[in-house]
Number of protein chains: 2
Amino acid sequence: MEKLMTITELGDELGLTPRAIRFYESKGLLSPGRVGSNRVYNYRDRARLKLIVRAKRLGFSLSDIAEYLDLYRSDPQQLEQRQLLIAKVRARIAVLEQQKIDLTTTLDELYEIERQATAESASVG
Amino acid sequence: MEKLMTITELGDELGLTPRAIRFYESKGLLSPGRVGSNRVYNYRDRARLKLIVRAKRLGFSLSDIAEYLDLYRSDPQQLEQRQLLIAKVRARIAVLEQQKIDLTTTLDELYEIERQATAESASVG
DNA sequence: AGCCTACTTTACGCATACGTCAATTGTTTT
DNA sequence: AAAACAATTGACGTATGCGTAAAGTAGGCT
């Protein structure tokens, strides 16, 4: 039988408050089981939440993330579904590839600032 | 003499509304010149705004960006200033490097989903 | 002069993403 | 059993990032 976690345990592990986790659930991003009235999270719930956290670090909104999670769930049996899936995935990829460019540019700038600052630190300090 | 732009010209070029640009100014991210009461933007203002747009695509908040812009402006003459600058730059770098990891992971997942979907598209469709 | 257009400030509105009580309930510890 | 603790569901509050009138001004066209 699988190990189950409480909401605070899960929150502590992933750096989230119970309030945040419940909020994500209210937006349809999670649907954990219950024991009585208490929420219980299994490893799949946990993996899902980790994915949410990762997407949030990338700056995605919760509704973005909801759509992103749908990509996993969508059934590619129907041709129309599949085409839609592919289109959505490619749209997300495009956004992320742009983000990659932005990231590289910004990191280059920051490393340059750091280089100059440490250089002055060596000569002046 | 340098060419100056109006707020709508600049907005059109960078995909922003005048409202957004004024809002950034109200948060201290920009300080364009004036001709009468009208704002005028030079190339430095434009470069600054492009940097803001890029940072926003990376999911940074405006106050994050304000601090980020300070990194350029900060005077590394004073040792204390310089140490602070280096520390802040390194903190930003750490965030962005984490973001890079998240980005790579997420892109890998998306490309995998796309691969599977197109594969089914070839065999089934 | 009168009008249109572009700009200005001020102000209220709104969606997102939670924080923070409040009141209640079930569990566990003493 | 009483107290303390962990969880629950509302409900209201708040910061961010603008959108959207509203009301006024300044310049150019007919």
# chains A, B, ... in the order shown; residues from 1 in each chain; ligands from 1
>>> closest_atom_pairs(of="chain B", to="chain D", cutoff="8 Å", atoms="only C-alpha atoms (C1' of nucleotides)", output="JSON lines")
{"residue": "B:Arg19", "atom": "CA", "partner": "D:DC18", "partner_atom": "C1'", "distance": 7.5}
{"residue": "B:Ala20", "atom": "CA", "partner": "D:DC18", "partner_atom": "C1'", "distance": 6.3}
{"residue": "B:Phe23", "atom": "CA", "partner": "D:DC18", "partner_atom": "C1'", "distance": 7.6}
{"residue": "B:Ser61", "atom": "CA", "partner": "D:DT16", "partner_atom": "C1'", "distance": 8.0}
>>> calpha_fit_and_write(fixed="chain B", moving="chain A", output="short mmCIF file (atom, residue, chain, number, x, y, z; two decimals) with N, CA, C and O atoms, in the first residue's frame")
data_model
loop_
_atom_site.label_atom_id
_atom_site.label_comp_id
_atom_site.auth_asym_id
_atom_site.auth_seq_id
_atom_site.Cartn_x
_atom_site.Cartn_y
_atom_site.Cartn_z
N MET A 1 21.56 65.11 -32.95
CA MET A 1 20.57 65.02 -31.88
C MET A 1 19.83 63.69 -31.97
O MET A 1 19.64 63.14 -33.04
N GLU A 2 19.45 63.20 -30.80
CA GLU A 2 18.88 61.86 -30.79
C GLU A 2 17.40 61.87 -31.11
O GLU A 2 16.67 62.81 -30.82
N LYS A 3 16.98 60.76 -31.65
CA LYS A 3 15.59 60.61 -32.02
C LYS A 3 14.76 60.29 -30.78
O LYS A 3 15.15 59.47 -29.95
N LEU A 4 13.64 60.95 -30.67
CA LEU A 4 12.77 60.73 -29.52
C LEU A 4 11.46 60.10 -29.97
O LEU A 4 10.99 60.34 -31.06
N MET A 5 10.89 59.28 -29.09
CA MET A 5 9.64 58.61 -29.41
C MET A 5 8.56 59.02 -28.43
O MET A 5 8.85 59.37 -27.29
N THR A 6 7.31 58.91 -28.89
CA THR A 6 6.19 59.14 -27.99
C THR A 6 5.90 57.82 -27.26
O THR A 6 6.43 56.77 -27.62
N ILE A 7 5.01 57.92 -26.29
CA ILE A 7 4.70 56.74 -25.49
C ILE A 7 3.97 55.67 -26.30
O ILE A 7 4.20 54.47 -26.11
N THR A 8 3.13 56.08 -27.22
CA THR A 8 2.40 55.08 -28.03
C THR A 8 3.30 54.42 -29.06
O THR A 8 3.18 53.23 -29.32
N GLU A 9 4.20 55.21 -29.63
CA GLU A 9 5.16 54.63 -30.57
C GLU A 9 5.99 53.55 -29.88
O GLU A 9 6.13 52.43 -30.37
N LEU A 10 6.49 53.89 -28.71
CA LEU A 10 7.31 52.95 -27.96
C LEU A 10 6.50 51.72 -27.57
O LEU A 10 6.96 50.59 -27.67
N GLY A 11 5.26 51.98 -27.13
CA GLY A 11 4.39 50.88 -26.74
C GLY A 11 4.10 49.94 -27.91
O GLY A 11 4.16 48.72 -27.76
N ASP A 12 3.81 50.52 -29.05
CA ASP A 12 3.54 49.69 -30.23
C ASP A 12 4.74 48.84 -30.58
O ASP A 12 4.61 47.67 -30.93
N GLU A 13 5.91 49.44 -30.46
CA GLU A 13 7.11 48.71 -30.85
C GLU A 13 7.39 47.55 -29.91
O GLU A 13 7.79 46.47 -30.33
N LEU A 14 7.15 47.74 -28.63
CA LEU A 14 7.49 46.71 -27.66
C LEU A 14 6.28 45.90 -27.18
O LEU A 14 6.41 45.06 -26.29
N GLY A 15 5.14 46.16 -27.77
CA GLY A 15 3.96 45.39 -27.39
C GLY A 15 3.42 45.74 -26.02
O GLY A 15 2.96 44.87 -25.28
N LEU A 16 3.49 47.01 -25.67
CA LEU A 16 2.98 47.45 -24.38
C LEU A 16 1.95 48.56 -24.59
O LEU A 16 2.02 49.31 -25.57
N THR A 17 1.03 48.69 -23.65
CA THR A 17 0.09 49.80 -23.71
C THR A 17 0.74 51.01 -23.04
O THR A 17 1.62 50.84 -22.17
N PRO A 18 0.33 52.21 -23.41
CA PRO A 18 0.82 53.40 -22.72
C PRO A 18 0.58 53.31 -21.21
O PRO A 18 1.44 53.70 -20.41
N ARG A 19 -0.56 52.76 -20.86
CA ARG A 19 -0.88 52.60 -19.44
C ARG A 19 0.18 51.79 -18.71
O ARG A 19 0.61 52.14 -17.61
N ALA A 20 0.62 50.71 -19.32
CA ALA A 20 1.64 49.85 -18.71
C ALA A 20 2.95 50.63 -18.54
O ALA A 20 3.57 50.60 -17.48
N ILE A 21 3.32 51.35 -19.58
CA ILE A 21 4.58 52.11 -19.55
C ILE A 21 4.54 53.18 -18.46
O ILE A 21 5.49 53.36 -17.70
N ARG A 22 3.42 53.86 -18.36
CA ARG A 22 3.27 54.87 -17.30
C ARG A 22 3.31 54.22 -15.94
O ARG A 22 3.84 54.77 -14.97
N PHE A 23 2.72 53.04 -15.86
CA PHE A 23 2.73 52.31 -14.59
C PHE A 23 4.16 51.96 -14.19
O PHE A 23 4.54 52.13 -13.02
N TYR A 24 4.95 51.51 -15.12
CA TYR A 24 6.35 51.21 -14.82
C TYR A 24 7.06 52.46 -14.34
O TYR A 24 7.87 52.40 -13.40
N GLU A 25 6.76 53.56 -14.97
CA GLU A 25 7.38 54.83 -14.55
C GLU A 25 6.97 55.17 -13.12
O GLU A 25 7.81 55.59 -12.32
N SER A 26 5.70 54.94 -12.82
CA SER A 26 5.22 55.26 -11.46
C SER A 26 5.91 54.40 -10.42
O SER A 26 5.98 54.76 -9.24
N LYS A 27 6.43 53.26 -10.85
CA LYS A 27 7.16 52.37 -9.95
C LYS A 27 8.65 52.66 -9.97
O LYS A 27 9.45 51.91 -9.40
N GLY A 28 9.03 53.72 -10.68
CA GLY A 28 10.43 54.12 -10.68
C GLY A 28 11.32 53.37 -11.66
O GLY A 28 12.54 53.45 -11.58
N LEU A 29 10.72 52.63 -12.59
CA LEU A 29 11.53 51.85 -13.52
C LEU A 29 12.00 52.66 -14.72
O LEU A 29 12.95 52.28 -15.40
N LEU A 30 11.32 53.76 -14.96
CA LEU A 30 11.67 54.61 -16.09
C LEU A 30 11.58 56.07 -15.65
O LEU A 30 10.83 56.40 -14.73
N SER A 31 12.35 56.93 -16.31
CA SER A 31 12.14 58.35 -16.09
C SER A 31 12.47 59.10 -17.37
O SER A 31 13.56 59.66 -17.52
N PRO A 32 11.54 59.05 -18.30
CA PRO A 32 11.75 59.68 -19.60
C PRO A 32 11.73 61.19 -19.48
O PRO A 32 11.30 61.75 -18.47
N GLY A 33 12.20 61.85 -20.53
CA GLY A 33 12.14 63.31 -20.56
C GLY A 33 10.73 63.78 -20.87
O GLY A 33 9.82 62.98 -21.06
N ARG A 34 10.58 65.07 -20.90
CA ARG A 34 9.28 65.65 -21.23
C ARG A 34 9.46 66.73 -22.28
O ARG A 34 10.47 67.44 -22.28
N VAL A 35 8.46 66.84 -23.14
CA VAL A 35 8.36 68.00 -24.01
C VAL A 35 7.01 68.59 -23.70
O VAL A 35 5.99 68.04 -24.07
N GLY A 36 7.02 69.69 -22.98
CA GLY A 36 5.77 70.18 -22.41
C GLY A 36 5.37 69.19 -21.33
O GLY A 36 6.17 68.85 -20.47
N SER A 37 4.16 68.67 -21.44
CA SER A 37 3.73 67.68 -20.47
C SER A 37 3.89 66.26 -21.01
O SER A 37 3.71 65.29 -20.28
N ASN A 38 4.24 66.16 -22.28
CA ASN A 38 4.31 64.84 -22.91
C ASN A 38 5.64 64.13 -22.68
O ASN A 38 6.70 64.74 -22.75
N ARG A 39 5.53 62.85 -22.44
CA ARG A 39 6.74 62.04 -22.26
C ARG A 39 7.44 61.80 -23.58
O ARG A 39 6.78 61.54 -24.59
N VAL A 40 8.76 61.85 -23.55
CA VAL A 40 9.55 61.49 -24.73
C VAL A 40 10.63 60.51 -24.31
O VAL A 40 11.26 60.64 -23.27
N TYR A 41 10.82 59.52 -25.17
CA TYR A 41 11.73 58.42 -24.87
C TYR A 41 12.89 58.39 -25.87
O TYR A 41 12.67 58.42 -27.07
N ASN A 42 14.09 58.32 -25.32
CA ASN A 42 15.27 58.19 -26.19
C ASN A 42 15.70 56.72 -26.22
O ASN A 42 15.02 55.85 -25.68
N TYR A 43 16.83 56.46 -26.86
CA TYR A 43 17.25 55.08 -27.04
C TYR A 43 17.63 54.39 -25.73
O TYR A 43 17.46 53.19 -25.59
N ARG A 44 18.09 55.18 -24.80
CA ARG A 44 18.43 54.57 -23.51
C ARG A 44 17.17 54.15 -22.77
O ARG A 44 17.12 53.08 -22.18
N ASP A 45 16.15 55.00 -22.85
CA ASP A 45 14.87 54.64 -22.24
C ASP A 45 14.31 53.38 -22.88
O ASP A 45 13.80 52.49 -22.21
N ARG A 46 14.45 53.35 -24.20
CA ARG A 46 13.95 52.21 -24.96
C ARG A 46 14.69 50.92 -24.58
O ARG A 46 14.08 49.86 -24.38
N ALA A 47 16.00 51.00 -24.46
CA ALA A 47 16.80 49.84 -24.08
C ALA A 47 16.39 49.37 -22.69
O ALA A 47 16.26 48.16 -22.43
N ARG A 48 16.19 50.34 -21.83
CA ARG A 48 15.78 50.02 -20.46
C ARG A 48 14.43 49.30 -20.45
O ARG A 48 14.25 48.31 -19.74
N LEU A 49 13.53 49.79 -21.25
CA LEU A 49 12.20 49.18 -21.30
C LEU A 49 12.26 47.77 -21.92
O LEU A 49 11.54 46.86 -21.47
N LYS A 50 13.12 47.60 -22.90
CA LYS A 50 13.28 46.26 -23.48
C LYS A 50 13.79 45.29 -22.42
O LYS A 50 13.35 44.12 -22.37
N LEU A 51 14.67 45.77 -21.61
CA LEU A 51 15.19 44.94 -20.52
C LEU A 51 14.07 44.58 -19.55
O LEU A 51 13.98 43.44 -19.07
N ILE A 52 13.21 45.53 -19.28
CA ILE A 52 12.07 45.28 -18.40
C ILE A 52 11.15 44.21 -18.99
O ILE A 52 10.74 43.28 -18.29
N VAL A 53 10.88 44.34 -20.27
CA VAL A 53 10.01 43.37 -20.95
C VAL A 53 10.62 41.97 -20.88
O VAL A 53 9.93 40.98 -20.61
N ARG A 54 11.90 41.89 -21.12
CA ARG A 54 12.59 40.61 -21.07
C ARG A 54 12.51 39.99 -19.68
O ARG A 54 12.19 38.81 -19.52
N ALA A 55 12.76 40.81 -18.68
CA ALA A 55 12.69 40.32 -17.30
C ALA A 55 11.27 39.87 -16.94
O ALA A 55 11.08 38.89 -16.22
N LYS A 56 10.30 40.58 -17.47
CA LYS A 56 8.92 40.19 -17.20
C LYS A 56 8.59 38.83 -17.83
O LYS A 56 7.89 38.03 -17.22
N ARG A 57 9.11 38.61 -19.01
CA ARG A 57 8.89 37.31 -19.65
C ARG A 57 9.51 36.19 -18.82
O ARG A 57 9.11 35.03 -18.91
N LEU A 58 10.50 36.53 -18.03
CA LEU A 58 11.12 35.53 -17.16
C LEU A 58 10.36 35.39 -15.85
O LEU A 58 10.75 34.62 -14.98
N GLY A 59 9.28 36.14 -15.70
CA GLY A 59 8.43 35.98 -14.53
C GLY A 59 8.79 36.85 -13.35
O GLY A 59 8.28 36.66 -12.25
N PHE A 60 9.69 37.82 -13.55
CA PHE A 60 10.06 38.68 -12.44
C PHE A 60 8.99 39.73 -12.16
O PHE A 60 8.34 40.23 -13.08
N SER A 61 8.83 40.05 -10.89
CA SER A 61 7.90 41.12 -10.53
C SER A 61 8.56 42.46 -10.82
O SER A 61 9.78 42.55 -10.99
N LEU A 62 7.77 43.51 -10.83
CA LEU A 62 8.32 44.83 -11.11
C LEU A 62 9.30 45.28 -10.04
O LEU A 62 10.29 45.96 -10.34
N SER A 63 9.06 44.90 -8.81
CA SER A 63 10.02 45.29 -7.76
C SER A 63 11.31 44.49 -7.90
O SER A 63 12.40 45.00 -7.62
N ASP A 64 11.20 43.24 -8.34
CA ASP A 64 12.40 42.47 -8.69
C ASP A 64 13.18 43.21 -9.75
O ASP A 64 14.40 43.37 -9.67
N ILE A 65 12.46 43.67 -10.76
CA ILE A 65 13.10 44.32 -11.90
C ILE A 65 13.73 45.64 -11.47
O ILE A 65 14.81 46.00 -11.94
N ALA A 66 13.07 46.34 -10.57
CA ALA A 66 13.63 47.59 -10.06
C ALA A 66 14.99 47.33 -9.42
O ALA A 66 15.96 48.06 -9.65
N GLU A 67 15.05 46.26 -8.65
CA GLU A 67 16.31 45.92 -8.00
C GLU A 67 17.35 45.50 -9.03
O GLU A 67 18.53 45.82 -8.93
N TYR A 68 16.88 44.79 -10.03
CA TYR A 68 17.75 44.34 -11.09
C TYR A 68 18.36 45.53 -11.83
O TYR A 68 19.56 45.58 -12.10
N LEU A 69 17.54 46.53 -12.10
CA LEU A 69 18.02 47.73 -12.78
C LEU A 69 19.03 48.48 -11.92
O LEU A 69 19.96 49.10 -12.43
N ASP A 70 18.84 48.40 -10.63
CA ASP A 70 19.78 49.03 -9.71
C ASP A 70 21.19 48.46 -9.84
O ASP A 70 22.18 49.14 -9.58
N LEU A 71 21.23 47.20 -10.21
CA LEU A 71 22.54 46.55 -10.34
C LEU A 71 23.41 47.27 -11.36
O LEU A 71 24.63 47.33 -11.23
N TYR A 72 22.77 47.80 -12.39
CA TYR A 72 23.52 48.53 -13.41
C TYR A 72 23.99 49.87 -12.89
O TYR A 72 25.05 50.35 -13.24
N ARG A 73 23.13 50.45 -12.08
CA ARG A 73 23.37 51.83 -11.66
C ARG A 73 24.30 51.94 -10.47
O ARG A 73 24.90 52.98 -10.24
N SER A 74 24.36 50.84 -9.71
CA SER A 74 25.08 50.93 -8.45
C SER A 74 26.57 51.20 -8.67
O SER A 74 27.19 50.66 -9.57
N ASP A 75 27.08 52.02 -7.86
CA ASP A 75 28.46 52.47 -7.97
C ASP A 75 29.40 51.53 -7.21
O ASP A 75 29.32 51.42 -5.99
N PRO A 76 30.26 50.84 -7.94
CA PRO A 76 31.12 49.86 -7.28
C PRO A 76 32.40 50.48 -6.71
O PRO A 76 33.37 49.79 -6.47
N GLN A 77 32.36 51.77 -6.49
CA GLN A 77 33.54 52.43 -5.93
C GLN A 77 33.75 52.02 -4.47
O GLN A 77 34.85 51.64 -4.07
N GLN A 78 32.68 52.12 -3.74
CA GLN A 78 32.77 51.76 -2.32
C GLN A 78 32.82 50.24 -2.16
O GLN A 78 32.07 49.52 -2.80
N LEU A 79 33.69 49.83 -1.30
CA LEU A 79 33.86 48.39 -1.09
C LEU A 79 32.58 47.73 -0.62
O LEU A 79 32.18 46.67 -1.11
N GLU A 80 31.89 48.41 0.27
CA GLU A 80 30.66 47.83 0.82
C GLU A 80 29.60 47.69 -0.28
O GLU A 80 28.95 46.66 -0.40
N GLN A 81 29.49 48.77 -1.07
CA GLN A 81 28.58 48.77 -2.22
C GLN A 81 28.89 47.60 -3.15
O GLN A 81 28.01 46.91 -3.64
N ARG A 82 30.21 47.44 -3.38
CA ARG A 82 30.63 46.42 -4.33
C ARG A 82 30.29 45.03 -3.83
O ARG A 82 29.80 44.19 -4.58
N GLN A 83 30.55 44.80 -2.57
CA GLN A 83 30.24 43.48 -1.99
C GLN A 83 28.75 43.21 -2.07
O GLN A 83 28.32 42.10 -2.37
N LEU A 84 27.98 44.24 -1.77
CA LEU A 84 26.53 44.11 -1.83
C LEU A 84 26.08 43.80 -3.25
O LEU A 84 25.23 42.93 -3.48
N LEU A 85 26.67 44.54 -4.18
CA LEU A 85 26.35 44.32 -5.60
C LEU A 85 26.64 42.88 -6.00
O LEU A 85 25.79 42.20 -6.56
N ILE A 86 27.83 42.43 -5.67
CA ILE A 86 28.23 41.06 -6.03
C ILE A 86 27.27 40.04 -5.43
O ILE A 86 26.85 39.09 -6.08
N ALA A 87 26.91 40.28 -4.18
CA ALA A 87 25.99 39.36 -3.50
C ALA A 87 24.64 39.32 -4.21
O ALA A 87 24.08 38.25 -4.46
N LYS A 88 24.13 40.51 -4.55
CA LYS A 88 22.83 40.56 -5.21
C LYS A 88 22.87 39.93 -6.59
O LYS A 88 21.95 39.21 -6.99
N VAL A 89 23.95 40.22 -7.31
CA VAL A 89 24.08 39.64 -8.64
C VAL A 89 24.13 38.12 -8.55
O VAL A 89 23.45 37.41 -9.31
N ARG A 90 24.88 37.63 -7.58
CA ARG A 90 24.98 36.17 -7.45
C ARG A 90 23.66 35.54 -7.04
O ARG A 90 23.34 34.42 -7.45
N ALA A 91 22.89 36.26 -6.23
CA ALA A 91 21.56 35.76 -5.85
C ALA A 91 20.66 35.65 -7.08
O ALA A 91 19.97 34.65 -7.28
N ARG A 92 20.70 36.70 -7.90
CA ARG A 92 19.90 36.68 -9.13
C ARG A 92 20.35 35.54 -10.04
O ARG A 92 19.54 34.85 -10.66
N ILE A 93 21.66 35.39 -10.15
CA ILE A 93 22.20 34.32 -11.00
C ILE A 93 21.70 32.96 -10.52
O ILE A 93 21.31 32.11 -11.32
N ALA A 94 21.70 32.78 -9.21
CA ALA A 94 21.25 31.50 -8.66
C ALA A 94 19.81 31.21 -9.05
O ALA A 94 19.46 30.10 -9.45
N VAL A 95 18.97 32.25 -8.94
CA VAL A 95 17.56 32.09 -9.32
C VAL A 95 17.45 31.70 -10.80
O VAL A 95 16.71 30.79 -11.16
N LEU A 96 18.22 32.40 -11.62
CA LEU A 96 18.13 32.14 -13.05
C LEU A 96 18.69 30.79 -13.44
O LEU A 96 18.19 30.13 -14.35
N GLU A 97 19.73 30.35 -12.74
CA GLU A 97 20.29 29.03 -13.04
C GLU A 97 19.28 27.94 -12.67
O GLU A 97 19.15 26.94 -13.38
N GLN A 98 18.57 28.14 -11.58
CA GLN A 98 17.50 27.20 -11.22
C GLN A 98 16.41 27.21 -12.29
O GLN A 98 15.90 26.16 -12.68
N GLN A 99 16.12 28.41 -12.75
CA GLN A 99 15.10 28.56 -13.79
C GLN A 99 15.53 27.83 -15.06
O GLN A 99 14.70 27.23 -15.75
N LYS A 100 16.82 27.87 -15.32
CA LYS A 100 17.37 27.20 -16.49
C LYS A 100 17.13 25.69 -16.38
O LYS A 100 16.74 25.03 -17.36
N ILE A 101 17.36 25.16 -15.19
CA ILE A 101 17.13 23.73 -14.95
C ILE A 101 15.65 23.40 -15.15
O ILE A 101 15.30 22.45 -15.85
N ASP A 102 14.79 24.21 -14.54
CA ASP A 102 13.35 24.00 -14.68
C ASP A 102 12.94 24.05 -16.14
O ASP A 102 12.12 23.25 -16.61
N LEU A 103 13.52 25.00 -16.84
CA LEU A 103 13.20 25.21 -18.25
C LEU A 103 13.59 23.99 -19.07
O LEU A 103 12.80 23.48 -19.87
N THR A 104 14.79 23.52 -18.85
CA THR A 104 15.27 22.34 -19.58
C THR A 104 14.38 21.13 -19.31
O THR A 104 13.95 20.44 -20.24
N THR A 105 14.08 20.91 -18.05
CA THR A 105 13.23 19.78 -17.66
C THR A 105 11.87 19.87 -18.34
O THR A 105 11.38 18.90 -18.93
N THR A 106 11.28 21.04 -18.25
CA THR A 106 9.94 21.22 -18.80
C THR A 106 9.95 21.09 -20.32
O THR A 106 9.05 20.47 -20.91
N LEU A 107 10.96 21.66 -20.94
CA LEU A 107 11.05 21.53 -22.39
C LEU A 107 11.22 20.07 -22.80
O LEU A 107 10.60 19.62 -23.78
N ASP A 108 12.03 19.33 -22.08
CA ASP A 108 12.19 17.91 -22.37
C ASP A 108 10.85 17.19 -22.33
O ASP A 108 10.52 16.40 -23.22
N GLU A 109 10.08 17.50 -21.29
CA GLU A 109 8.77 16.87 -21.15
C GLU A 109 7.86 17.22 -22.33
O GLU A 109 7.18 16.35 -22.87
N LEU A 110 7.88 18.49 -22.70
CA LEU A 110 7.01 18.92 -23.78
C LEU A 110 7.41 18.31 -25.12
O LEU A 110 6.56 17.88 -25.90
N TYR A 111 8.71 18.24 -25.36
CA TYR A 111 9.16 17.62 -26.60
C TYR A 111 8.78 16.15 -26.63
O TYR A 111 8.44 15.59 -27.68
N GLU A 112 8.82 15.51 -25.46
CA GLU A 112 8.43 14.10 -25.38
C GLU A 112 6.94 13.92 -25.68
O GLU A 112 6.55 13.02 -26.43
N ILE A 113 6.13 14.82 -25.11
CA ILE A 113 4.69 14.76 -25.40
C ILE A 113 4.44 14.97 -26.89
O ILE A 113 3.66 14.24 -27.51
N GLU A 114 5.14 15.93 -27.45
CA GLU A 114 4.98 16.21 -28.87
C GLU A 114 5.39 15.00 -29.71
O GLU A 114 4.71 14.61 -30.66
N ARG A 115 6.51 14.38 -29.32
CA ARG A 115 7.01 13.22 -30.04
C ARG A 115 5.97 12.09 -30.05
O ARG A 115 5.67 11.51 -31.10
N GLN A 116 5.43 11.81 -28.87
CA GLN A 116 4.43 10.75 -28.76
C GLN A 116 3.19 11.07 -29.57
O GLN A 116 2.63 10.20 -30.25
N ALA A 117 2.77 12.31 -29.50
CA ALA A 117 1.55 12.71 -30.21
C ALA A 117 1.74 12.60 -31.71
O ALA A 117 0.87 12.10 -32.43
N THR A 118 2.88 13.05 -32.19
CA THR A 118 3.12 12.98 -33.64
C THR A 118 3.35 11.53 -34.07
O THR A 118 3.00 11.16 -35.18
N ALA A 119 3.93 10.71 -33.21
CA ALA A 119 4.13 9.30 -33.52
C ALA A 119 2.78 8.61 -33.72
O ALA A 119 2.57 7.91 -34.70
N GLU A 120 1.87 8.85 -32.80
CA GLU A 120 0.52 8.30 -32.94
C GLU A 120 -0.17 8.85 -34.16
O GLU A 120 -0.92 8.15 -34.82
N SER A 121 0.12 10.08 -34.43
CA SER A 121 -0.45 10.72 -35.60
C SER A 121 -0.02 9.98 -36.86
O SER A 121 -0.80 9.79 -37.78
N ALA A 122 1.22 9.50 -36.86
CA ALA A 122 1.76 8.81 -38.02
C ALA A 122 1.20 7.40 -38.15
O ALA A 122 0.86 6.94 -39.25
N SER A 123 1.08 6.70 -37.02
CA SER A 123 0.65 5.31 -37.06
C SER A 123 -0.87 5.17 -37.17
O SER A 123 -1.37 4.35 -37.93
N VAL A 124 -1.57 5.99 -36.39
CA VAL A 124 -3.03 5.89 -36.37
C VAL A 124 -3.64 6.70 -37.51
O VAL A 124 -4.49 6.21 -38.24
N GLY A 125 -3.20 7.97 -37.58
CA GLY A 125 -3.79 8.83 -38.60
C GLY A 125 -3.32 8.38 -39.96
O GLY A 125 -2.95 9.13 -40.79
#
>>> select_by_dssp(residues="chain B", states="strand (DSSP E or B)", output="PyMOL selection string")
chain B and resi 5+33-35+38-41
>>> write_last_selection(atoms="N, CA, C and O atoms", output="tab-separated table (two decimals), in the first residue's frame")
chain	number	residue	atom	x	y	z
B	5	MET	N	10.97	59.47	-28.96
B	5	MET	CA	9.72	58.80	-29.31
B	5	MET	C	8.62	59.20	-28.33
B	5	MET	O	8.90	59.53	-27.19
B	33	GLY	N	12.21	61.91	-20.37
B	33	GLY	CA	12.15	63.36	-20.38
B	33	GLY	C	10.74	63.83	-20.68
B	33	GLY	O	9.83	63.03	-20.89
B	34	ARG	N	10.58	65.13	-20.68
B	34	ARG	CA	9.28	65.71	-21.01
B	34	ARG	C	9.47	66.83	-22.03
B	34	ARG	O	10.47	67.54	-22.02
B	35	VAL	N	8.47	66.94	-22.89
B	35	VAL	CA	8.38	68.11	-23.75
B	35	VAL	C	7.02	68.71	-23.44
B	35	VAL	O	6.00	68.16	-23.83
B	38	ASN	N	4.25	66.24	-22.09
B	38	ASN	CA	4.33	64.93	-22.77
B	38	ASN	C	5.66	64.22	-22.54
B	38	ASN	O	6.73	64.84	-22.60
B	39	ARG	N	5.55	62.92	-22.31
B	39	ARG	CA	6.75	62.12	-22.14
B	39	ARG	C	7.47	61.90	-23.46
B	39	ARG	O	6.83	61.67	-24.49
B	40	VAL	N	8.78	61.96	-23.41
B	40	VAL	CA	9.60	61.62	-24.58
B	40	VAL	C	10.68	60.64	-24.17
B	40	VAL	O	11.29	60.75	-23.12
B	41	TYR	N	10.86	59.64	-25.06
B	41	TYR	CA	11.77	58.54	-24.75
B	41	TYR	C	12.95	58.52	-25.73
B	41	TYR	O	12.74	58.57	-26.94
>>> closest_atom_pairs(of="chain C", to="chain B", cutoff="12 Å", atoms="only C-alpha atoms (C1' of nucleotides)", output="JSON lines")
{"residue": "C:DA6", "atom": "C1'", "partner": "B:Thr8", "partner_atom": "CA", "distance": 9.0}
{"residue": "C:DC7", "atom": "C1'", "partner": "B:Asn38", "partner_atom": "CA", "distance": 6.2}
{"residue": "C:DT8", "atom": "C1'", "partner": "B:Ser37", "partner_atom": "CA", "distance": 6.8}
{"residue": "C:DT9", "atom": "C1'", "partner": "B:Ser37", "partner_atom": "CA", "distance": 10.5}
>>> select_by_dssp(residues="chain A", states="helix (DSSP H, G or I)", output="ChimeraX atom specification")
/A:7-14,18-26,43-57,62-73,79-123
